[in-house]
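Below: start.pdb (PDB, C-alpha atoms (C1' of nucleotides) and all ligand atoms)
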ATOM      1  CA  MET A   1      -8.420  -5.412 -33.348
ATOM      2  CA  LYS A   2      -5.023  -6.782 -32.479
ATOM      3  CA  TYR A   3      -5.851  -7.427 -28.834
ATOM      4  CA  ILE A   4      -8.784  -9.767 -29.416
ATOM      5  CA  GLU A   5      -6.539 -12.769 -29.919
ATOM      6  CA  LYS A   6      -4.290 -11.872 -27.008
ATOM      7  CA  LEU A   7      -7.259 -11.719 -24.672
ATOM      8  CA  ARG A   8      -8.896 -14.859 -25.995
ATOM      9  CA  ASN A   9      -5.668 -16.790 -25.660
ATOM     10  CA  SER A  10      -5.554 -15.711 -22.021
ATOM     11  CA  GLY A  11      -9.052 -16.993 -21.364
ATOM     12  CA  LEU A  12     -10.348 -13.445 -21.077
ATOM     13  CA  ARG A  13     -13.334 -12.456 -23.202
ATOM     14  CA  PRO A  14     -12.479  -9.507 -25.427
ATOM     15  CA  THR A  15     -15.004  -7.052 -24.114
ATOM     16  CA  LYS A  16     -15.210  -3.453 -25.236
ATOM     17  CA  GLN A  17     -13.811  -2.284 -21.904
ATOM     18  CA  ARG A  18     -10.845  -4.659 -21.922
ATOM     19  CA  LEU A  19      -9.971  -3.754 -25.491
ATOM     20  CA  GLN A  20     -10.070  -0.069 -24.659
ATOM     21  CA  ILE A  21      -7.863  -0.572 -21.633
ATOM     22  CA  CYS A  22      -5.453  -2.527 -23.845
ATOM     23  CA  GLU A  23      -5.292   0.411 -26.213
ATOM     24  CA  VAL A  24      -4.494   2.868 -23.470
ATOM     25  CA  LEU A  25      -1.935   0.584 -21.865
ATOM     26  CA  PHE A  26      -0.210  -0.987 -24.843
ATOM     27  CA  ASP A  27      -0.767   1.226 -27.920
ATOM     28  CA  THR A  28       2.049   3.550 -26.938
ATOM     29  CA  GLU A  29       5.557   4.157 -28.126
ATOM     30  CA  LYS A  30       6.936   3.973 -24.610
ATOM     31  CA  THR A  31       6.018   1.935 -21.570
ATOM     32  CA  PHE A  32       4.906   3.810 -18.476
ATOM     33  CA  HIS A  33       4.129   3.633 -14.773
ATOM     34  CA  PHE A  34       0.622   4.221 -13.483
ATOM     35  CA  THR A  35      -1.745   4.028 -10.586
ATOM     36  CA  ILE A  36      -5.355   2.920 -11.018
ATOM     37  CA  ASN A  37      -6.369   6.554 -10.727
ATOM     38  CA  ASP A  38      -3.875   7.650 -13.375
ATOM     39  CA  LEU A  39      -5.295   5.019 -15.681
ATOM     40  CA  ALA A  40      -8.890   6.034 -15.023
ATOM     41  CA  LYS A  41      -8.064   9.636 -15.941
ATOM     42  CA  LYS A  42      -6.141   8.548 -19.026
ATOM     43  CA  ILE A  43      -9.137   6.525 -20.179
ATOM     44  CA  GLU A  44     -11.493   9.461 -19.722
ATOM     45  CA  ASN A  45      -9.199  11.759 -21.666
ATOM     46  CA  GLN A  46      -8.015   9.455 -24.426
ATOM     47  CA  LEU A  47     -11.259   7.648 -25.161
ATOM     48  CA  ASN A  48     -14.614   9.435 -25.068
ATOM     49  CA  ASN A  49     -15.916   6.836 -22.715
ATOM     50  CA  LYS A  50     -16.209   6.087 -19.058
ATOM     51  CA  ILE A  51     -15.246   2.719 -17.635
ATOM     52  CA  SER A  52     -16.273   2.041 -14.076
ATOM     53  CA  LEU A  53     -13.535   2.034 -11.490
ATOM     54  CA  ALA A  54     -14.441  -1.520 -10.494
ATOM     55  CA  THR A  55     -13.801  -2.697 -14.038
ATOM     56  CA  ILE A  56     -10.484  -0.911 -14.192
ATOM     57  CA  TYR A  57      -9.401  -2.617 -10.977
ATOM     58  CA  ASN A  58     -10.657  -5.978 -12.212
ATOM     59  CA  THR A  59      -8.946  -5.633 -15.566
ATOM     60  CA  VAL A  60      -5.608  -4.438 -14.268
ATOM     61  CA  HIS A  61      -5.552  -7.296 -11.781
ATOM     62  CA  ALA A  62      -6.485  -9.772 -14.502
ATOM     63  CA  PHE A  63      -3.712  -8.389 -16.705
ATOM     64  CA  GLU A  64      -1.282  -8.559 -13.817
ATOM     65  CA  LYS A  65      -2.114 -12.222 -13.247
ATOM     66  CA  LYS A  66      -1.468 -12.864 -16.945
ATOM     67  CA  GLY A  67       1.806 -10.960 -16.768
ATOM     68  CA  TYR A  68       0.793  -8.091 -19.068
ATOM     69  CA  VAL A  69       1.511  -5.523 -16.371
ATOM     70  CA  LYS A  70       3.660  -5.645 -13.251
ATOM     71  CA  GLN A  71       3.268  -4.205  -9.786
ATOM     72  CA  ILE A  72       6.188  -2.129  -8.562
ATOM     73  CA  PRO A  73       7.181  -2.640  -4.917
ATOM     74  CA  ILE A  74       7.236   0.803  -3.367
ATOM     75  CA  ASN A  75       5.824   2.520  -0.299
ATOM     76  CA  SER A  76       2.925   4.621  -1.403
ATOM     77  CA  SER A  77      -0.727   4.965  -0.520
ATOM     78  CA  GLN A  78      -1.500   3.851  -4.063
ATOM     79  CA  THR A  79      -0.303   0.776  -5.905
ATOM     80  CA  TYR A  80       1.975   1.465  -8.862
ATOM     81  CA  PHE A  81       1.884  -0.641 -12.011
ATOM     82  CA  ASP A  82       4.245  -0.814 -14.956
ATOM     83  CA  THR A  83       3.548  -1.638 -18.598
ATOM     84  CA  ASN A  84       7.244  -2.460 -18.943
ATOM     85  CA  ILE A  85       7.202  -6.136 -18.038
ATOM     86  CA  SER A  86      10.869  -6.765 -18.774
ATOM     87  CA  ASP A  87      13.200  -7.493 -15.875
ATOM     88  CA  HIS A  88      14.233  -4.029 -14.852
ATOM     89  CA  HIS A  89      14.665  -1.714 -11.924
ATOM     90  CA  HIS A  90      13.628   1.743 -10.759
ATOM     91  CA  PHE A  91      14.756   5.059  -9.517
ATOM     92  CA  TYR A  92      12.277   6.642  -7.167
ATOM     93  CA  ASP A  93      12.549  10.399  -7.050
ATOM     94  CA  LEU A  94      11.618  11.342  -3.502
ATOM     95  CA  ASN A  95      11.095  15.020  -4.323
ATOM     96  CA  GLU A  96       8.954  14.600  -7.416
ATOM     97  CA  ARG A  97       7.447  11.282  -6.287
ATOM     98  CA  ARG A  98       8.142   9.784  -9.674
ATOM     99  CA  LEU A  99       9.420   6.437 -10.920
ATOM    100  CA  ILE A 100      12.107   6.240 -13.591
ATOM    101  CA  ASP A 101      13.127   3.068 -15.377
ATOM    102  CA  LEU A 102      16.553   1.646 -14.810
ATOM    103  CA  GLU A 103      17.204  -1.014 -17.403
ATOM    104  CA  ASN A 104      18.906  -4.204 -16.434
ATOM    105  CA  SER A 105      21.876  -3.127 -18.518
ATOM    106  CA  ASP A 106      22.187   0.013 -16.350
ATOM    107  CA  VAL A 107      22.730  -2.088 -13.254
ATOM    108  CA  GLY A 108      25.716  -4.348 -12.883
ATOM    109  CA  PRO A 109      24.896  -8.045 -12.402
ATOM    110  CA  ILE A 110      23.378  -8.759  -9.003
ATOM    111  CA  LYS A 111      24.687 -11.779  -7.166
ATOM    112  CA  ILE A 112      22.578 -13.113  -4.318
ATOM    113  CA  LEU A 113      24.972 -15.223  -2.270
ATOM    114  CA  LYS A 114      22.462 -16.382   0.330
ATOM    115  CA  LYS A 115      20.041 -19.198  -0.421
ATOM    116  CA  ILE A 116      16.799 -19.997   1.365
ATOM    117  CA  ASN A 117      16.187 -23.705   1.737
ATOM    118  CA  GLY A 118      13.539 -25.036  -0.651
ATOM    119  CA  LYS A 119      12.737 -21.647  -2.139
ATOM    120  CA  LYS A 120      13.254 -20.449  -5.694
ATOM    121  CA  VAL A 121      14.061 -16.900  -6.670
ATOM    122  CA  LYS A 122      11.089 -15.436  -8.521
ATOM    123  CA  SER A 123      12.435 -11.955  -9.139
ATOM    124  CA  ILE A 124      15.136  -9.538  -8.095
ATOM    125  CA  GLU A 125      14.175  -5.894  -8.009
ATOM    126  CA  VAL A 126      16.282  -2.872  -7.162
ATOM    127  CA  LEU A 127      14.843   0.416  -5.973
ATOM    128  CA  VAL A 128      17.191   3.382  -5.990
ATOM    129  CA  LYS A 129      15.858   6.322  -4.040
ATOM    130  CA  ILE A 130      17.131   9.669  -5.300
ATOM    131  CA  GLU A 131      16.694  13.254  -4.169
ATOM    132  CA  ASP A 132      17.991  16.733  -4.866
TER     133      ASP A 132
ATOM    134  CA  MET B   1      16.382   3.921  31.633
ATOM    135  CA  LYS B   2      18.860   3.809  28.766
ATOM    136  CA  TYR B   3      16.478   5.314  26.217
ATOM    137  CA  ILE B   4      15.821   8.567  28.045
ATOM    138  CA  GLU B   5      18.976  10.175  26.701
ATOM    139  CA  LYS B   6      18.430   8.857  23.206
ATOM    140  CA  LEU B   7      14.962  10.384  23.086
ATOM    141  CA  ARG B   8      15.985  13.675  24.650
ATOM    142  CA  ASN B   9      18.875  14.023  22.228
ATOM    143  CA  SER B  10      16.367  13.617  19.417
ATOM    144  CA  GLY B  11      14.147  16.356  20.761
ATOM    145  CA  LEU B  12      11.518  13.833  21.806
ATOM    146  CA  ARG B  13      10.260  13.892  25.357
ATOM    147  CA  PRO B  14      10.859  10.565  27.054
ATOM    148  CA  THR B  15       7.279   9.678  27.847
ATOM    149  CA  LYS B  16       6.209   6.378  29.386
ATOM    150  CA  GLN B  17       4.737   5.283  26.056
ATOM    151  CA  ARG B  18       7.816   6.089  24.011
ATOM    152  CA  LEU B  19      10.095   4.361  26.479
ATOM    153  CA  GLN B  20       7.934   1.263  26.407
ATOM    154  CA  ILE B  21       7.914   1.236  22.630
ATOM    155  CA  CYS B  22      11.700   1.583  22.710
ATOM    156  CA  GLU B  23      11.897  -1.473  24.935
ATOM    157  CA  VAL B  24       9.778  -3.569  22.634
ATOM    158  CA  LEU B  25      11.600  -2.398  19.530
ATOM    159  CA  PHE B  26      15.193  -2.228  20.681
ATOM    160  CA  ASP B  27      15.639  -4.431  23.786
ATOM    161  CA  THR B  28      15.988  -7.545  21.688
ATOM    162  CA  GLU B  29      18.831  -9.793  20.669
ATOM    163  CA  LYS B  30      17.817  -9.656  17.032
ATOM    164  CA  THR B  31      16.305  -6.984  14.853
ATOM    165  CA  PHE B  32      12.920  -7.691  13.307
ATOM    166  CA  HIS B  33      10.324  -6.604  10.785
ATOM    167  CA  PHE B  34       6.911  -5.424  11.881
ATOM    168  CA  THR B  35       3.678  -3.762  10.917
ATOM    169  CA  ILE B  36       1.943  -1.295  13.214
ATOM    170  CA  ASN B  37      -0.520  -4.024  14.091
ATOM    171  CA  ASP B  38       2.239  -6.491  14.920
ATOM    172  CA  LEU B  39       3.761  -3.906  17.200
ATOM    173  CA  ALA B  40       0.464  -3.142  18.933
ATOM    174  CA  LYS B  41      -0.003  -6.848  19.708
ATOM    175  CA  LYS B  42       3.578  -7.191  20.879
ATOM    176  CA  ILE B  43       3.078  -4.282  23.259
ATOM    177  CA  GLU B  44      -0.086  -5.784  24.696
ATOM    178  CA  ASN B  45       1.605  -9.143  25.246
ATOM    179  CA  GLN B  46       5.020  -8.034  26.418
ATOM    180  CA  LEU B  47       4.016  -5.154  28.635
ATOM    181  CA  ASN B  48       0.882  -5.273  30.735
ATOM    182  CA  ASN B  49      -0.242  -2.031  29.252
ATOM    183  CA  LYS B  50      -2.221  -0.644  26.394
ATOM    184  CA  ILE B  51      -0.920   2.166  24.212
ATOM    185  CA  SER B  52      -3.381   3.776  21.881
ATOM    186  CA  LEU B  53      -2.997   3.002  18.210
ATOM    187  CA  ALA B  54      -2.643   6.702  17.435
ATOM    188  CA  THR B  55       0.361   6.911  19.730
ATOM    189  CA  ILE B  56       1.940   3.861  18.175
ATOM    190  CA  TYR B  57       1.567   5.415  14.726
ATOM    191  CA  ASN B  58       2.902   8.735  15.958
ATOM    192  CA  THR B  59       5.861   7.154  17.689
ATOM    193  CA  VAL B  60       6.873   4.851  14.858
ATOM    194  CA  HIS B  61       6.712   7.753  12.439
ATOM    195  CA  ALA B  62       8.734   9.935  14.795
ATOM    196  CA  PHE B  63      11.313   7.157  15.132
ATOM    197  CA  GLU B  64      11.374   6.691  11.379
ATOM    198  CA  LYS B  65      12.075  10.387  10.878
ATOM    199  CA  LYS B  66      14.951  10.112  13.363
ATOM    200  CA  GLY B  67      16.267   7.021  11.580
ATOM    201  CA  TYR B  68      15.656   4.564  14.435
ATOM    202  CA  VAL B  69      13.460   2.390  12.242
ATOM    203  CA  LYS B  70      13.168   2.049   8.477
ATOM    204  CA  GLN B  71      10.258   1.493   6.152
ATOM    205  CA  ILE B  72      10.641  -1.414   3.772
ATOM    206  CA  PRO B  73       9.404  -0.820   0.223
ATOM    207  CA  ILE B  74       7.040  -3.672  -0.546
ATOM    208  CA  ASN B  75       3.535  -4.123  -1.906
ATOM    209  CA  SER B  76       1.275  -4.921   0.961
ATOM    210  CA  SER B  77      -1.879  -3.534   2.476
ATOM    211  CA  GLN B  78       0.155  -2.726   5.586
ATOM    212  CA  THR B  79       3.369  -0.785   5.882
ATOM    213  CA  TYR B  80       6.350  -2.843   7.005
ATOM    214  CA  PHE B  81       9.044  -1.433   9.255
ATOM    215  CA  ASP B  82      12.449  -2.741  10.209
ATOM    216  CA  THR B  83      14.457  -2.275  13.397
ATOM    217  CA  ASN B  84      17.532  -3.193  11.390
ATOM    218  CA  ILE B  85      18.595   0.218  10.155
ATOM    219  CA  SER B  86      21.825  -0.910   8.517
ATOM    220  CA  ASP B  87      22.051  -0.837   4.730
ATOM    221  CA  HIS B  88      20.651  -4.197   3.823
ATOM    222  CA  HIS B  89      18.226  -5.984   1.564
ATOM    223  CA  HIS B  90      15.327  -8.418   1.766
ATOM    224  CA  PHE B  91      13.927 -11.665   0.622
ATOM    225  CA  TYR B  92      10.164 -11.628   0.444
ATOM    226  CA  ASP B  93       8.634 -15.081   0.750
ATOM    227  CA  LEU B  94       5.512 -14.937  -1.396
ATOM    228  CA  ASN B  95       4.035 -18.093   0.122
ATOM    229  CA  GLU B  96       4.544 -17.255   3.775
ATOM    230  CA  ARG B  97       4.298 -13.491   3.241
ATOM    231  CA  ARG B  98       7.419 -12.985   5.325
ATOM    232  CA  LEU B  99      10.482 -10.781   5.065
ATOM    233  CA  ILE B 100      13.964 -12.191   5.589
ATOM    234  CA  ASP B 101      17.085 -10.081   5.935
ATOM    235  CA  LEU B 102      19.733 -10.237   3.277
ATOM    236  CA  GLU B 103      22.848  -8.558   4.581
ATOM    237  CA  ASN B 104      24.855  -6.340   2.320
ATOM    238  CA  SER B 105      27.635  -8.907   2.415
ATOM    239  CA  ASP B 106      25.221 -11.502   0.995
ATOM    240  CA  VAL B 107      24.693  -9.392  -2.102
ATOM    241  CA  GLY B 108      27.515  -8.590  -4.474
ATOM    242  CA  PRO B 109      28.283  -4.896  -4.920
ATOM    243  CA  ILE B 110      25.567  -3.108  -6.872
ATOM    244  CA  LYS B 111      26.697  -0.724  -9.568
ATOM    245  CA  ILE B 112      24.183   1.776 -10.825
ATOM    246  CA  LEU B 113      25.566   2.915 -14.177
ATOM    247  CA  LYS B 114      22.833   5.432 -14.974
ATOM    248  CA  LYS B 115      22.819   8.886 -13.400
ATOM    249  CA  ILE B 116      19.919  11.277 -13.070
ATOM    250  CA  ASN B 117      20.902  14.882 -13.579
ATOM    251  CA  GLY B 118      21.067  16.867 -10.349
ATOM    252  CA  LYS B 119      19.929  13.992  -8.146
ATOM    253  CA  LYS B 120      21.831  12.192  -5.420
ATOM    254  CA  VAL B 121      21.405   8.541  -4.549
ATOM    255  CA  LYS B 122      19.800   8.265  -1.124
ATOM    256  CA  SER B 123      19.554   4.478  -0.880
ATOM    257  CA  ILE B 124      19.750   1.324  -2.923
ATOM    258  CA  GLU B 125      17.433  -1.473  -1.886
ATOM    259  CA  VAL B 126      17.066  -4.940  -3.342
ATOM    260  CA  LEU B 127      13.938  -7.050  -2.954
ATOM    261  CA  VAL B 128      14.276 -10.711  -3.860
ATOM    262  CA  LYS B 129      10.934 -12.438  -4.188
ATOM    263  CA  ILE B 130      11.062 -16.149  -3.431
ATOM    264  CA  GLU B 131       8.525 -18.965  -3.523
ATOM    265  CA  ASP B 132       8.302 -22.740  -3.208
TER     266      ASP B 132
ATOM    267  C1'  DC C   1       3.389  26.084  41.857
ATOM    268  C1'  DA C   2       1.975  28.560  37.531
ATOM    269  C1'  DC C   3       2.544  28.481  32.808
ATOM    270  C1'  DT C   4       3.666  26.797  28.201
ATOM    271  C1'  DT C   5       4.501  23.206  25.040
ATOM    272  C1'  DT C   6       4.284  18.617  23.791
ATOM    273  C1'  DT C   7       2.020  14.250  23.921
ATOM    274  C1'  DT C   8      -1.616  10.933  24.384
ATOM    275  C1'  DT C   9      -6.018   9.390  23.387
ATOM    276  C1'  DA C  10     -10.754   7.957  21.681
ATOM    277  C1'  DG C  11     -13.099   8.466  18.135
ATOM    278  C1'  DA C  12     -14.152  10.375  13.527
ATOM    279  C1'  DA C  13     -12.693  10.972   8.932
ATOM    280  C1'  DC C  14     -10.269   9.616   4.883
ATOM    281  C1'  DC C  15      -9.552   7.034   0.898
ATOM    282  C1'  DA C  16      -7.577   3.205  -1.832
ATOM    283  C1'  DT C  17      -9.217  -1.084  -2.525
ATOM    284  C1'  DT C  18     -12.407  -5.008  -2.425
ATOM    285  C1'  DA C  19     -16.991  -7.089  -2.109
ATOM    286  C1'  DT C  20     -21.837  -7.366  -3.550
ATOM    287  C1'  DA C  21     -25.394  -8.380  -6.382
ATOM    288  C1'  DA C  22     -28.172  -7.029 -10.186
ATOM    289  C1'  DA C  23     -28.130  -5.969 -15.158
ATOM    290  C1'  DG C  24     -25.635  -6.643 -19.386
ATOM    291  C1'  DT C  25     -22.687  -9.228 -22.676
ATOM    292  C1'  DA C  26     -20.214 -13.074 -24.965
ATOM    293  C1'  DC C  27     -20.537 -17.271 -26.783
ATOM    294  C1'  DA C  28     -21.646 -22.255 -27.383
ATOM    295  C1'  DT C  29     -25.589 -25.013 -28.514
ATOM    296  C1'  DT C  30     -29.620 -25.803 -30.567
TER     297       DT C  30
ATOM    298  C1'  DA D   1     -31.635 -16.561 -34.890
ATOM    299  C1'  DA D   2     -33.147 -17.888 -30.390
ATOM    300  C1'  DT D   3     -31.879 -19.935 -26.015
ATOM    301  C1'  DG D   4     -29.150 -20.974 -22.069
ATOM    302  C1'  DT D   5     -25.107 -20.404 -19.344
ATOM    303  C1'  DA D   6     -21.079 -18.485 -17.777
ATOM    304  C1'  DC D   7     -18.631 -14.405 -17.617
ATOM    305  C1'  DT D   8     -18.380  -9.339 -17.187
ATOM    306  C1'  DT D   9     -19.635  -4.710 -15.998
ATOM    307  C1'  DT D  10     -21.427  -1.530 -12.942
ATOM    308  C1'  DA D  11     -23.143   1.394  -9.083
ATOM    309  C1'  DT D  12     -22.812   1.208  -4.649
ATOM    310  C1'  DA D  13     -21.602  -0.457  -0.106
ATOM    311  C1'  DA D  14     -18.251  -2.272   2.888
ATOM    312  C1'  DT D  15     -13.549  -2.807   4.554
ATOM    313  C1'  DG D  16      -9.545  -1.569   6.829
ATOM    314  C1'  DG D  17      -5.109   0.718   7.299
ATOM    315  C1'  DT D  18      -3.864   5.230   8.178
ATOM    316  C1'  DT D  19      -4.462  10.073   9.384
ATOM    317  C1'  DC D  20      -6.942  13.788  11.600
ATOM    318  C1'  DT D  21      -9.233  16.176  15.514
ATOM    319  C1'  DA D  22      -9.649  18.239  19.612
ATOM    320  C1'  DA D  23      -9.783  17.666  24.414
ATOM    321  C1'  DA D  24      -7.346  15.765  28.479
ATOM    322  C1'  DA D  25      -2.884  14.501  30.367
ATOM    323  C1'  DA D  26       1.964  14.843  30.985
ATOM    324  C1'  DA D  27       6.448  17.036  30.581
ATOM    325  C1'  DG D  28       9.436  20.843  30.913
ATOM    326  C1'  DT D  29      10.657  25.612  32.691
ATOM    327  C1'  DG D  30      11.472  28.910  36.125
TER     328       DG D  30
HETATM  329 MN    MN E 201      -2.020  -0.825  -1.369
HETATM  330 MN    MN E 202       0.737   2.180   3.185
HETATM  331 ZN    ZN E 203       9.446   0.439 -14.927
HETATM  332 ZN    ZN E 204      15.445  -6.115   7.362
END
Could you render the structure as structure tokens?
Ligand SMILES: [Mn+2]
Ligand SMILES: [Mn+2]
Ligand SMILES: [Zn+2]
Ligand SMILES: [Zn+2]
Amino acid sequence: MKYIEKLRNSGLRPTKQRLQICEVLFDTEKTFHFTINDLAKKIENQLNNKISLATIYNTVHAFEKKGYVKQIPINSSQTYFDTNISDHHHFYDLNERRLIDLENSDVGPIKILKKINGKKVKSIEVLVKIED
Amino acid sequence: MKYIEKLRNSGLRPTKQRLQICEVLFDTEKTFHFTINDLAKKIENQLNNKISLATIYNTVHAFEKKGYVKQIPINSSQTYFDTNISDHHHFYDLNERRLIDLENSDVGPIKILKKINGKKVKSIEVLVKIED
DNA sequence: CACTTTTTTAGAACCATTATAAAGTACATT
DNA sequence: AATGTACTTTATAATGGTTCTAAAAAAGTG
């Protein structure tokens, strides 16, 4: 298993559940956006196995803290996560309620001219709302 | 009352509650960011009057639909609104959990090079996360 | 005023998320 | 391999922001 080392190096024990969640999240051609519920369904379908919702929450939050997934700032009743952890931005399709990646190279350089005293910039994220 | 016309023109009856919420939201020197709970407290303090939480939700949503307040896309357990309805952006202070306005003029022009077929851009919002 | 429509309200319901605490697992030490 | 300890999983309960409900109140119309 290729994720055992990754988990151990993060101080997370490589449990069966964590390894399975790694497979679903990271063993894919393309990155994707998901809610906890999306992920739970994906796990049920892809693996013949149930993982409790509590564990899915715990694991996704642990992975987020380690930087293996990112939260996407958006107004929704559910929290959206992203397996694409590169600096990048998003379209949000208001009609289809769907996120679409917008690579950094698809957005001209963003210059923040204002500085806040004693604060460092942690991230800059652009959300482009689109509709029909 | 200067808000009676504004409400009537929007097809909203100028009730006592709506007029009071208008006062709290719009009778200020500066615009501000708020959650529904913030607003409820502000109403209790500023006016000697209680407005039911349901009415506050209803009114803020009605005002949002009319474009008198905006929702700010951010990950939080509560929804944040803004009385500044101009096109502008935000700093989000991760330590103090506070929003700070970033006027359009403080951000260089943003060029979105990617297009989505058949979709129009409704808004472009930048969130700059900052920390100590 | 009489009538209709909209609004307010207290309280219930909803539901994503977090907390709890008991049983199970990983792993270092013997 | 057995033991001990810390970590993890799990079912379930609790939390809390938001939405729904339905009855009373207020606004608008003529
Ligand atoms: Mn949330
Ligand atoms: Mn919300
Ligand atoms: Zn993305
Ligand atoms: Zn603002």
Selection as a PyMOL selection string: residues within 6 Å of ligand ZN 203 (chain E) by all atoms listed in the file = chain A and resi 82+84+101
Check every protein, DNA and RNA residue against ligand MN 202 (chain E), keep those with an atom at most 6 Å away (counting all atoms listed in the file), and present them as a PyMOL selection string.
-> (chain A and resi 76-77) or (chain B and resi 78-79)
Identify the residues around (6.0, 32.2, 38.9) within a radius of 12 Å, measuring from all atoms listed in the file in the coordinates stated by the file, and give them as a PyMOL selection string.
-> (chain C and resi 1-3) or (chain D and resi 29-30)
Write down, as a ChimeraX atom specification, each residue of chain D that has any atom within 12 Å of an atom of chain B, counting only C-alpha atoms (C1' of nucleotides).
-> /D:15-21,25-28
Write a file of the selected residues as a PDB file, in the frame of the given file, keeping C-alpha atoms (C1' of nucleotides).
ATOM      1  C1'  DT D  15     -13.549  -2.807   4.554  1.00  0.00           C
ATOM      2  C1'  DG D  16      -9.545  -1.569   6.829  1.00  0.00           C
ATOM      3  C1'  DG D  17      -5.109   0.718   7.299  1.00  0.00           C
ATOM      4  C1'  DT D  18      -3.864   5.230   8.178  1.00  0.00           C
ATOM      5  C1'  DT D  19      -4.462  10.073   9.384  1.00  0.00           C
ATOM      6  C1'  DC D  20      -6.942  13.788  11.600  1.00  0.00           C
ATOM      7  C1'  DT D  21      -9.233  16.176  15.514  1.00  0.00           C
ATOM      8  C1'  DA D  25      -2.884  14.501  30.367  1.00  0.00           C
ATOM      9  C1'  DA D  26       1.964  14.843  30.985  1.00  0.00           C
ATOM     10  C1'  DA D  27       6.448  17.036  30.581  1.00  0.00           C
ATOM     11  C1'  DG D  28       9.436  20.843  30.913  1.00  0.00           C
TER      12       DG D  28
END
Output as a PyMOL selection string the set of chain B residues within 7 Å of chain A, with distances taken over only C-alpha atoms.
-> chain B and resi 73-75+106-108+110-114+118-132
Just say which residues the PyMOL selection byres (((chain D and resi 3) around 12) and not hetatm) picks in this file, as a list in words.
-> DC27, DA28, DT29 and DT30 of chain C; DA1, DA2, DG4 and DT5 of chain D
Atoms kept (C-alpha atoms (C1' of nucleotides)) for selection, written as a PDB file, in the coordinates of the input:
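Output file selection26.pdb follows:
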ATOM      1  C1'  DC C  27     -20.537 -17.271 -26.783  1.00  0.00           C
ATOM      2  C1'  DA C  28     -21.646 -22.255 -27.383  1.00  0.00           C
ATOM      3  C1'  DT C  29     -25.589 -25.013 -28.514  1.00  0.00           C
ATOM      4  C1'  DT C  30     -29.620 -25.803 -30.567  1.00  0.00           C
TER       5       DT C  30
ATOM      6  C1'  DA D   1     -31.635 -16.561 -34.890  1.00  0.00           C
ATOM      7  C1'  DA D   2     -33.147 -17.888 -30.390  1.00  0.00           C
ATOM      8  C1'  DG D   4     -29.150 -20.974 -22.069  1.00  0.00           C
ATOM      9  C1'  DT D   5     -25.107 -20.404 -19.344  1.00  0.00           C
TER      10       DT D   5
END
Got a sec to resolve the PyMOL selection byres (((chain D and resi 12) around 12) and not hetatm) on this structure and send the residues as a ChimeraX atom specification?
-> /A:52-54 /C:19-22 /D:10-11,13-14
So how many Å separate CA of Ser10 in chain B and C1' of DA10 in chain C, to one decimal?
->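 Distance reported for this atom pair: 27.8 Å.
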B:Phe81, B:Leu12, B:Asp27, B:Phe32: which is nearest chain C, counting all atoms listed in the file?
-> B:Leu12
List, as a PyMOL selection string, every residue that the PyMOL selection byres ((chain C) within 12 of (chain A)) selects in the file provided.
-> chain C and resi 14-20+24-27
Taking all atoms of range 16-28 of chain C that the file lists, what box with edges along x, y and z, padded by 5 Å per side, do you get, with centre and edge lengths in Å to one decimal, as lines of an AutoDock Vina configuration file?
center_x = -17.9
center_y = -9.5
center_z = -14.6
size_x = 30.6
size_y = 35.5
size_z = 35.6
Which value, in Å to one decimal, gives the distance between atom ZN of ligand ZN 204 (chain E) and CA of Thr83 in chain A?
->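 Distance between the two atoms: 28.9 Å.
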Point-to-point distance in Å for CA of Ser86 in chain B and CA of Phe34 in chain B =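 CA of Ser86 in chain B lies at a distance of 15.9 Å from CA of Phe34 in chain B.
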Test item: residues at most 9 Å from Gln17 in chain B, only C-alpha atoms (C1' of nucleotides), excluding those fewer than 6 positions along its chain, as a list in words =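 So the residues in contact are Ile51, Thr55, Ile56 and Thr59 of chain B; DT8 of chain C.
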